[in-house]
Amino acid sequence: MSLYASGSQTVGPYLHIGLTWLNTARIAGPAVKGERVAIQGRLVDGDGAGVSDGLIEIWQANAEGKYAHPEDRQKKGLERGFRGFGRIPTDAKGNFRFSTIKPGRVPGRGGKLQAPHLSVTVFMRGLLKQLSTRVYFPGESANAQDPVLKLVPAPRRATLIARRKSKGVLEWNIVLQGKDETVFLDF
Amino acid sequence: MSKLHGYRRFHPGTQPEYDFPFYASTAKRHPTQPLVIVPQTLSELTGPVFGTDDLKPTDNDLTRQHKGDPIGERIIVSGRVLDENGRPMPHTLVEVWQANAAGRYPHKNDTHDAPMDPNFSGAGRTLTDAEGRYRFITIRPGEYPWRNHYNAWRPAHIHFSLFGSAFLTRLVTQMYFPGDPLLPYDPMYMSIPNEKARVRLISQFDWENTIPEQALGYRFDIVLRGREATPMDDSPGE
């Protein structure tokens, strides 16, 4: 059997009505092990203006590199109550901020380990289908060998790597168009 | 250890382009560089899992979330969540939001001069059952004007948000109503290139789920990305 997939449609300007209930600005509670990190940034459009009606969703593994999902069959520990999911709306200026733990390395194709990363999905008015991207961590030696980063043209890789802002705080912006346009991924 | 099954790429024409001039807001909000195609890994083949603990009993009945009854025509929207292979997607989260019967959203940015309804918040969620079925009770949303082009009106619609079994099966879409004369004028609806795929976003009148003396039924099946028939050769076995 082969069915036509349902087409994606924009979340529109009133996305908050249906989606706010699941806002999760703190992805890892106190019982979750790992290095604490806050990530903040801005979602900006082609005019450099902040997108006030946007939303990002985060998906990540725990510090051992284990996803809270039945298809992750790695023999690694998983804290009770760790879902690994975040939903963070942008504010009136297009800013977003969330806190979590730095994930461990998870296997990629052929069992080769990937560098620590968060998967990110972007939604907003004016976007007919979601955009997918990743956030990598600064100063991480594994970045150089990461199988996904290596597929990104070298001059654009920096758009996927957060910058250290202060102790425990990283900055990572999502730029939709222009010189520093974020690399978006297609799986 | 069993290997991972990846997901097929979408059939051409079933999904909109990012840059779609008929929908004016895409102009400054679409990527101008090509997307970078990368392999599917455990990071994309897993995704958040939700359960009954995440929901309240009235979450799937938008007519019972306040003291009084909302104004409007009561309807039942139900259907199945399937993948492109026709397999049901069990226990997956379905979120909805919509305007009230007058075409007004309870949102600070909605300035349309239509009455608010204190008995209608316009949001719901549910989990599909073991066979991928879901069901909402709500009221039929109204059409409303917007400023995309001269005399622009959105057809009546309900926003749907779904997760499916992986982070890459995530889908946000909209459900439309059969026979709506505004559909051919609507950039969102018309952004789906393939006509058969476009029609999938229109619900069907559902006599069998219509409740006598109480509510009309509409059926809306949602199809998420389907898996490849064979496992990825070089998938991490474990």
# chains A, B, ... in the order shown; residues from 1 in each chain; ligands from 1

call {"tool": "interface_residues", "arguments": {"of": "chain B", "to": "chain A", "cutoff": "7 Å", "atoms": "only C-alpha atoms", "output": "PyMOL selection string"}}
result
chain B and resi 14-16+18+25-26+28-32+35-42+46-49+84-86+95-97+107+123-124+171-174+188+192+197-198+200-201+222-225+234-236+238

call {"tool": "write_last_selection", "arguments": {"atoms": "N, CA and C atoms", "output": "compact mmCIF listing (two decimals), in the first residue's frame"}}
result
# COMPACT_ATOMS: atom_id res chain seq x y z
N THR B 14 4.01 16.22 -2.83
CA THR B 14 3.13 16.15 -1.66
C THR B 14 3.41 17.25 -0.64
N GLN B 15 4.57 17.90 -0.76
CA GLN B 15 4.92 18.91 0.24
C GLN B 15 5.13 20.27 -0.44
N PRO B 16 4.82 21.36 0.27
CA PRO B 16 5.01 22.69 -0.33
C PRO B 16 6.49 23.05 -0.45
N TYR B 18 9.43 25.95 0.18
CA TYR B 18 9.60 27.00 1.19
C TYR B 18 9.30 28.38 0.61
N SER B 25 4.27 35.97 3.20
CA SER B 25 5.20 35.89 4.34
C SER B 25 6.33 34.90 4.12
N THR B 26 6.26 34.08 3.08
CA THR B 26 7.39 33.17 2.83
C THR B 26 8.60 33.94 2.30
N LYS B 28 10.53 36.46 3.19
CA LYS B 28 11.67 36.72 4.07
C LYS B 28 11.92 35.59 5.05
N ARG B 29 11.19 34.50 4.88
CA ARG B 29 11.29 33.42 5.87
C ARG B 29 11.61 32.06 5.26
N HIS B 30 12.09 32.05 4.03
CA HIS B 30 12.49 30.77 3.44
C HIS B 30 14.01 30.74 3.32
N PRO B 31 14.62 29.56 3.48
CA PRO B 31 16.07 29.49 3.27
C PRO B 31 16.40 29.74 1.80
N THR B 32 17.47 30.47 1.54
CA THR B 32 17.84 30.74 0.14
C THR B 32 18.92 29.77 -0.34
N LEU B 35 19.00 22.99 1.07
CA LEU B 35 19.15 22.18 2.27
C LEU B 35 20.28 21.19 2.05
N VAL B 36 20.98 20.85 3.11
CA VAL B 36 22.07 19.87 3.01
C VAL B 36 21.50 18.49 3.35
N ILE B 37 21.56 17.60 2.37
CA ILE B 37 21.01 16.25 2.58
C ILE B 37 22.01 15.41 3.35
N VAL B 38 21.57 14.87 4.47
CA VAL B 38 22.46 14.07 5.33
C VAL B 38 21.77 12.75 5.66
N PRO B 39 22.55 11.74 6.04
CA PRO B 39 21.94 10.44 6.34
C PRO B 39 21.08 10.48 7.60
N GLN B 40 20.10 9.61 7.64
CA GLN B 40 19.28 9.46 8.84
C GLN B 40 20.07 8.65 9.87
N THR B 41 20.09 9.14 11.09
CA THR B 41 20.80 8.43 12.17
C THR B 41 19.82 8.23 13.32
N LEU B 42 20.32 7.62 14.38
CA LEU B 42 19.50 7.41 15.58
C LEU B 42 18.86 8.73 16.04
N THR B 46 14.61 8.46 16.20
CA THR B 46 13.94 8.45 17.50
C THR B 46 13.19 9.77 17.64
N GLY B 47 12.37 9.89 18.65
CA GLY B 47 11.63 11.14 18.86
C GLY B 47 10.85 11.04 20.15
N PRO B 48 10.28 12.16 20.60
CA PRO B 48 9.64 12.16 21.91
C PRO B 48 8.43 11.24 21.98
N VAL B 49 8.29 10.63 23.15
CA VAL B 49 7.17 9.72 23.41
C VAL B 49 6.28 10.38 24.46
N GLU B 84 2.92 6.28 5.15
CA GLU B 84 2.74 6.15 3.71
C GLU B 84 2.58 4.69 3.27
N ASN B 85 2.94 3.76 4.13
CA ASN B 85 2.75 2.35 3.82
C ASN B 85 1.38 1.84 4.28
N GLY B 86 0.56 2.75 4.81
CA GLY B 86 -0.76 2.36 5.28
C GLY B 86 -0.76 1.75 6.67
N GLU B 95 -2.18 17.18 18.35
CA GLU B 95 -2.58 18.47 18.94
C GLU B 95 -3.37 19.24 17.90
N VAL B 96 -4.42 19.94 18.34
CA VAL B 96 -5.20 20.77 17.41
C VAL B 96 -5.41 22.16 17.98
N TRP B 97 -5.58 23.14 17.10
CA TRP B 97 -6.04 24.46 17.52
C TRP B 97 -6.81 25.11 16.38
N HIS B 107 -6.37 35.07 20.87
CA HIS B 107 -4.93 35.34 20.81
C HIS B 107 -4.75 36.84 20.72
N ALA B 123 -8.30 24.83 21.70
CA ALA B 123 -7.12 23.95 21.68
C ALA B 123 -7.48 22.59 22.24
N GLY B 124 -6.90 21.56 21.67
CA GLY B 124 -7.13 20.20 22.17
C GLY B 124 -5.96 19.31 21.86
N LEU B 171 4.95 16.46 11.92
CA LEU B 171 4.14 17.11 10.89
C LEU B 171 3.21 18.13 11.53
N VAL B 172 3.19 19.33 10.96
CA VAL B 172 2.15 20.30 11.29
C VAL B 172 1.37 20.56 10.01
N THR B 173 0.05 20.42 10.08
CA THR B 173 -0.74 20.59 8.88
C THR B 173 -2.06 21.28 9.23
N GLN B 174 -2.96 21.38 8.29
CA GLN B 174 -4.27 21.97 8.53
C GLN B 174 -5.32 21.10 7.87
N MET B 188 -2.24 28.74 1.37
CA MET B 188 -1.76 27.61 2.17
C MET B 188 -2.20 26.30 1.49
N ILE B 192 0.32 23.01 -1.81
CA ILE B 192 0.62 21.59 -2.05
C ILE B 192 0.50 21.36 -3.56
N ALA B 197 -2.56 14.95 -3.44
CA ALA B 197 -2.02 15.18 -2.10
C ALA B 197 -2.75 16.35 -1.43
N ARG B 198 -3.09 17.34 -2.24
CA ARG B 198 -3.80 18.52 -1.71
C ARG B 198 -5.15 18.11 -1.14
N ARG B 200 -6.01 15.46 0.11
CA ARG B 200 -5.88 14.73 1.38
C ARG B 200 -6.10 15.64 2.59
N LEU B 201 -5.90 16.94 2.41
CA LEU B 201 -6.07 17.87 3.54
C LEU B 201 -7.54 18.28 3.75
N ILE B 222 -4.66 11.19 8.52
CA ILE B 222 -3.39 11.91 8.37
C ILE B 222 -2.31 10.88 8.05
N VAL B 223 -1.50 11.19 7.04
CA VAL B 223 -0.48 10.24 6.59
C VAL B 223 0.91 10.84 6.82
N LEU B 224 1.71 10.15 7.62
CA LEU B 224 3.06 10.59 7.94
C LEU B 224 4.07 9.83 7.08
N ARG B 225 5.31 10.28 7.10
CA ARG B 225 6.37 9.60 6.32
C ARG B 225 6.43 8.13 6.64
N ASP B 234 24.00 0.00 6.69
CA ASP B 234 25.09 0.33 7.60
C ASP B 234 24.56 0.97 8.88
N SER B 235 23.33 0.58 9.24
CA SER B 235 22.78 1.18 10.45
C SER B 235 23.51 0.62 11.67
N PRO B 236 23.56 1.39 12.71
CA PRO B 236 24.18 0.87 13.93
C PRO B 236 23.29 -0.24 14.45
N GLU B 238 23.21 -1.61 17.08
CA GLU B 238 22.89 -1.44 18.50
C GLU B 238 22.94 0.02 18.87

call {"tool": "residues_around", "arguments": {"residues": "region 135-148 of chain B", "least_positions_apart": "2", "cutoff": "6 Å", "atoms": "only C-alpha atoms", "output": "PyMOL selection string"}}
result
chain B and resi 60-63+72-78+99-103+152-156

call {"tool": "select_by_dssp", "arguments": {"residues": "region 13-200 of chain B", "states": "strand (DSSP E or B)", "output": "number ranges by chain"}}
result
B: 36-37, 61, 74-83, 88, 93-98, 123-127, 133-139, 144-146, 152-154, 157-162, 171-176

call {"tool": "atom_distance", "arguments": {"atom1": "CA of Arg219 (chain B)", "atom2": "CA of Arg104 (chain B)"}}
result
23.6 Å

call {"tool": "atom_distance", "arguments": {"atom1": "CA of Pro193 (chain B)", "atom2": "CA of Pro21 (chain B)"}}
result
13.5 Å

call {"tool": "atom_distance", "arguments": {"atom1": "CA of Ala144 (chain A)", "atom2": "CA of Phe98 (chain A)"}}
result
25.9 Å

call {"tool": "closest_residue", "arguments": {"among": "B:Ala229, B:Ile158, B:Leu182, B:Leu93", "to": "Gly122 (chain B)", "atoms": "only C-alpha atoms"}}
result
B:Ile158

call {"tool": "residues_around", "arguments": {"residues": "Arg64 (chain B)", "least_positions_apart": "3", "cutoff": "9 Å", "atoms": "only C-alpha atoms", "output": "list in words"}}
result
Thr58, Asp59, Asp61, Lys67, Gly68, Asp69, Pro70, Asn119, Phe120, Ile137 and Thr138 of chain B

call {"tool": "residues_around", "arguments": {"residues": "Phe137 (chain A)", "least_positions_apart": "4", "cutoff": "9 Å", "atoms": "only C-alpha atoms", "output": "PyMOL selection string"}}
result
chain A and resi 102+115-117+143+160-164+170

call {"tool": "select_by_dssp", "arguments": {"residues": "region 6-149 of chain B", "states": "helix (DSSP H, G or I)", "output": "list in words"}}
result
Ala24, Ser25, Thr26, Leu42, Ser43, Glu44, Leu45, Thr52, Asp53, Asp54, Pro57, Thr58, Asp59 and Asn60 of chain B

call {"tool": "residues_around", "arguments": {"residues": "Glu171 (chain A)", "least_positions_apart": "4", "cutoff": "12 Å", "atoms": "only C-alpha atoms", "output": "PyMOL selection string"}}
result
chain A and resi 37-43+95-99+135-138+159-167

call {"tool": "write_last_selection", "arguments": {"atoms": "C-alpha atoms", "output": "PDB file, in the first residue's frame"}}
result
ATOM      1  CA  VAL A  37      24.145  24.396  29.767  1.00  0.00           C
ATOM      2  CA  ALA A  38      21.805  27.227  28.795  1.00  0.00           C
ATOM      3  CA  ILE A  39      21.390  27.995  25.117  1.00  0.00           C
ATOM      4  CA  GLN A  40      20.085  31.332  23.982  1.00  0.00           C
ATOM      5  CA  GLY A  41      19.692  32.919  20.606  1.00  0.00           C
ATOM      6  CA  ARG A  42      17.527  34.745  18.166  1.00  0.00           C
ATOM      7  CA  LEU A  43      15.451  33.641  15.200  1.00  0.00           C
ATOM      8  CA  ASN A  95      14.725  35.591  21.225  1.00  0.00           C
ATOM      9  CA  PHE A  96      14.606  32.114  22.701  1.00  0.00           C
ATOM     10  CA  ARG A  97      16.370  30.464  25.628  1.00  0.00           C
ATOM     11  CA  PHE A  98      16.383  27.024  27.173  1.00  0.00           C
ATOM     12  CA  SER A  99      18.463  25.011  29.592  1.00  0.00           C
ATOM     13  CA  VAL A 135      23.314  22.600  17.362  1.00  0.00           C
ATOM     14  CA  TYR A 136      26.849  21.388  18.058  1.00  0.00           C
ATOM     15  CA  PHE A 137      29.032  22.408  20.994  1.00  0.00           C
ATOM     16  CA  PRO A 138      32.067  24.705  20.838  1.00  0.00           C
ATOM     17  CA  THR A 159      26.344  28.219  11.701  1.00  0.00           C
ATOM     18  CA  LEU A 160      25.720  24.865  13.406  1.00  0.00           C
ATOM     19  CA  ILE A 161      28.159  25.373  16.289  1.00  0.00           C
ATOM     20  CA  ALA A 162      27.078  27.387  19.311  1.00  0.00           C
ATOM     21  CA  ARG A 163      29.419  30.058  20.684  1.00  0.00           C
ATOM     22  CA  ARG A 164      30.465  30.332  24.310  1.00  0.00           C
ATOM     23  CA  LYS A 165      28.855  33.435  25.790  1.00  0.00           C
ATOM     24  CA  SER A 166      29.741  33.037  29.462  1.00  0.00           C
ATOM     25  CA  LYS A 167      30.227  30.157  31.877  1.00  0.00           C
TER      26      LYS A 167
END

call {"tool": "decode", "arguments": {"residues": "region 12-55 of chain B", "atoms": "N, CA and C atoms", "output": "compact mmCIF listing (two decimals), in the first residue's frame"}}
result
# COMPACT_ATOMS: atom_id res chain seq x y z
N PRO B 12 7.23 13.11 -4.69
CA PRO B 12 7.26 14.48 -5.21
C PRO B 12 5.86 15.10 -5.28
N GLY B 13 5.78 16.35 -4.93
CA GLY B 13 4.52 17.07 -5.05
C GLY B 13 3.63 17.03 -3.84
N THR B 14 4.01 16.22 -2.83
CA THR B 14 3.13 16.15 -1.66
C THR B 14 3.41 17.25 -0.64
N GLN B 15 4.57 17.90 -0.76
CA GLN B 15 4.92 18.91 0.24
C GLN B 15 5.13 20.27 -0.44
N PRO B 16 4.82 21.36 0.27
CA PRO B 16 5.01 22.69 -0.33
C PRO B 16 6.49 23.05 -0.45
N GLU B 17 6.78 24.03 -1.31
CA GLU B 17 8.11 24.62 -1.37
C GLU B 17 8.20 25.69 -0.28
N TYR B 18 9.43 25.95 0.18
CA TYR B 18 9.60 27.00 1.19
C TYR B 18 9.30 28.38 0.61
N ASP B 19 9.73 28.59 -0.63
CA ASP B 19 9.54 29.90 -1.26
C ASP B 19 8.29 29.81 -2.14
N PHE B 20 7.21 30.43 -1.68
CA PHE B 20 5.93 30.30 -2.38
C PHE B 20 5.30 31.69 -2.45
N PRO B 21 5.57 32.44 -3.53
CA PRO B 21 5.21 33.86 -3.57
C PRO B 21 3.74 34.17 -3.29
N PHE B 22 2.83 33.25 -3.61
CA PHE B 22 1.41 33.48 -3.35
C PHE B 22 1.16 33.70 -1.84
N TYR B 23 1.98 33.07 -1.01
CA TYR B 23 1.91 33.28 0.44
C TYR B 23 3.03 34.27 0.77
N ALA B 24 2.65 35.54 0.91
CA ALA B 24 3.62 36.63 0.94
C ALA B 24 4.66 36.49 2.06
N SER B 25 4.27 35.97 3.20
CA SER B 25 5.20 35.89 4.34
C SER B 25 6.33 34.90 4.12
N THR B 26 6.26 34.08 3.08
CA THR B 26 7.39 33.17 2.83
C THR B 26 8.60 33.94 2.30
N ALA B 27 8.39 35.16 1.77
CA ALA B 27 9.48 35.87 1.08
C ALA B 27 10.72 36.04 1.95
N LYS B 28 10.53 36.46 3.19
CA LYS B 28 11.67 36.72 4.07
C LYS B 28 11.92 35.59 5.05
N ARG B 29 11.19 34.50 4.88
CA ARG B 29 11.29 33.42 5.87
C ARG B 29 11.61 32.06 5.26
N HIS B 30 12.09 32.05 4.03
CA HIS B 30 12.49 30.77 3.44
C HIS B 30 14.01 30.74 3.32
N PRO B 31 14.62 29.56 3.48
CA PRO B 31 16.07 29.49 3.27
C PRO B 31 16.40 29.74 1.80
N THR B 32 17.47 30.47 1.54
CA THR B 32 17.84 30.74 0.14
C THR B 32 18.92 29.77 -0.34
N GLN B 33 19.60 29.12 0.61
CA GLN B 33 20.60 28.11 0.26
C GLN B 33 19.92 26.74 0.22
N PRO B 34 20.41 25.84 -0.65
CA PRO B 34 19.79 24.51 -0.65
C PRO B 34 19.99 23.80 0.69
N LEU B 35 19.00 22.99 1.07
CA LEU B 35 19.15 22.18 2.27
C LEU B 35 20.28 21.19 2.05
N VAL B 36 20.98 20.85 3.11
CA VAL B 36 22.07 19.87 3.01
C VAL B 36 21.50 18.49 3.35
N ILE B 37 21.56 17.60 2.37
CA ILE B 37 21.01 16.25 2.58
C ILE B 37 22.01 15.41 3.35
N VAL B 38 21.57 14.87 4.47
CA VAL B 38 22.46 14.07 5.33
C VAL B 38 21.77 12.75 5.66
N PRO B 39 22.55 11.74 6.04
CA PRO B 39 21.94 10.44 6.34
C PRO B 39 21.08 10.48 7.60
N GLN B 40 20.10 9.61 7.64
CA GLN B 40 19.28 9.46 8.84
C GLN B 40 20.07 8.65 9.87
N THR B 41 20.09 9.14 11.09
CA THR B 41 20.80 8.43 12.17
C THR B 41 19.82 8.23 13.32
N LEU B 42 20.32 7.62 14.38
CA LEU B 42 19.50 7.41 15.58
C LEU B 42 18.86 8.73 16.04
N SER B 43 19.53 9.85 15.79
CA SER B 43 19.01 11.15 16.23
C SER B 43 17.70 11.51 15.53
N GLU B 44 17.54 11.08 14.29
CA GLU B 44 16.32 11.41 13.55
C GLU B 44 15.29 10.28 13.63
N LEU B 45 15.76 9.05 13.88
CA LEU B 45 14.86 7.89 13.87
C LEU B 45 14.21 7.65 15.23
N THR B 46 14.61 8.46 16.20
CA THR B 46 13.94 8.45 17.50
C THR B 46 13.19 9.77 17.64
N GLY B 47 12.37 9.89 18.65
CA GLY B 47 11.63 11.14 18.86
C GLY B 47 10.85 11.04 20.15
N PRO B 48 10.28 12.16 20.60
CA PRO B 48 9.64 12.16 21.91
C PRO B 48 8.43 11.24 21.98
N VAL B 49 8.29 10.63 23.15
CA VAL B 49 7.17 9.72 23.41
C VAL B 49 6.28 10.38 24.46
N PHE B 50 4.98 10.37 24.19
CA PHE B 50 4.02 10.97 25.12
C PHE B 50 3.05 9.89 25.61
N GLY B 51 2.47 10.14 26.77
CA GLY B 51 1.57 9.14 27.34
C GLY B 51 0.34 9.80 27.94
N THR B 52 -0.52 8.97 28.50
CA THR B 52 -1.78 9.48 29.07
C THR B 52 -1.52 10.46 30.22
N ASP B 53 -0.36 10.33 30.87
CA ASP B 53 -0.04 11.26 31.97
C ASP B 53 0.10 12.70 31.48
N ASP B 54 0.34 12.86 30.19
CA ASP B 54 0.51 14.20 29.64
C ASP B 54 -0.84 14.88 29.36
N LEU B 55 -1.94 14.14 29.48
CA LEU B 55 -3.24 14.66 29.04
C LEU B 55 -4.26 14.70 30.16
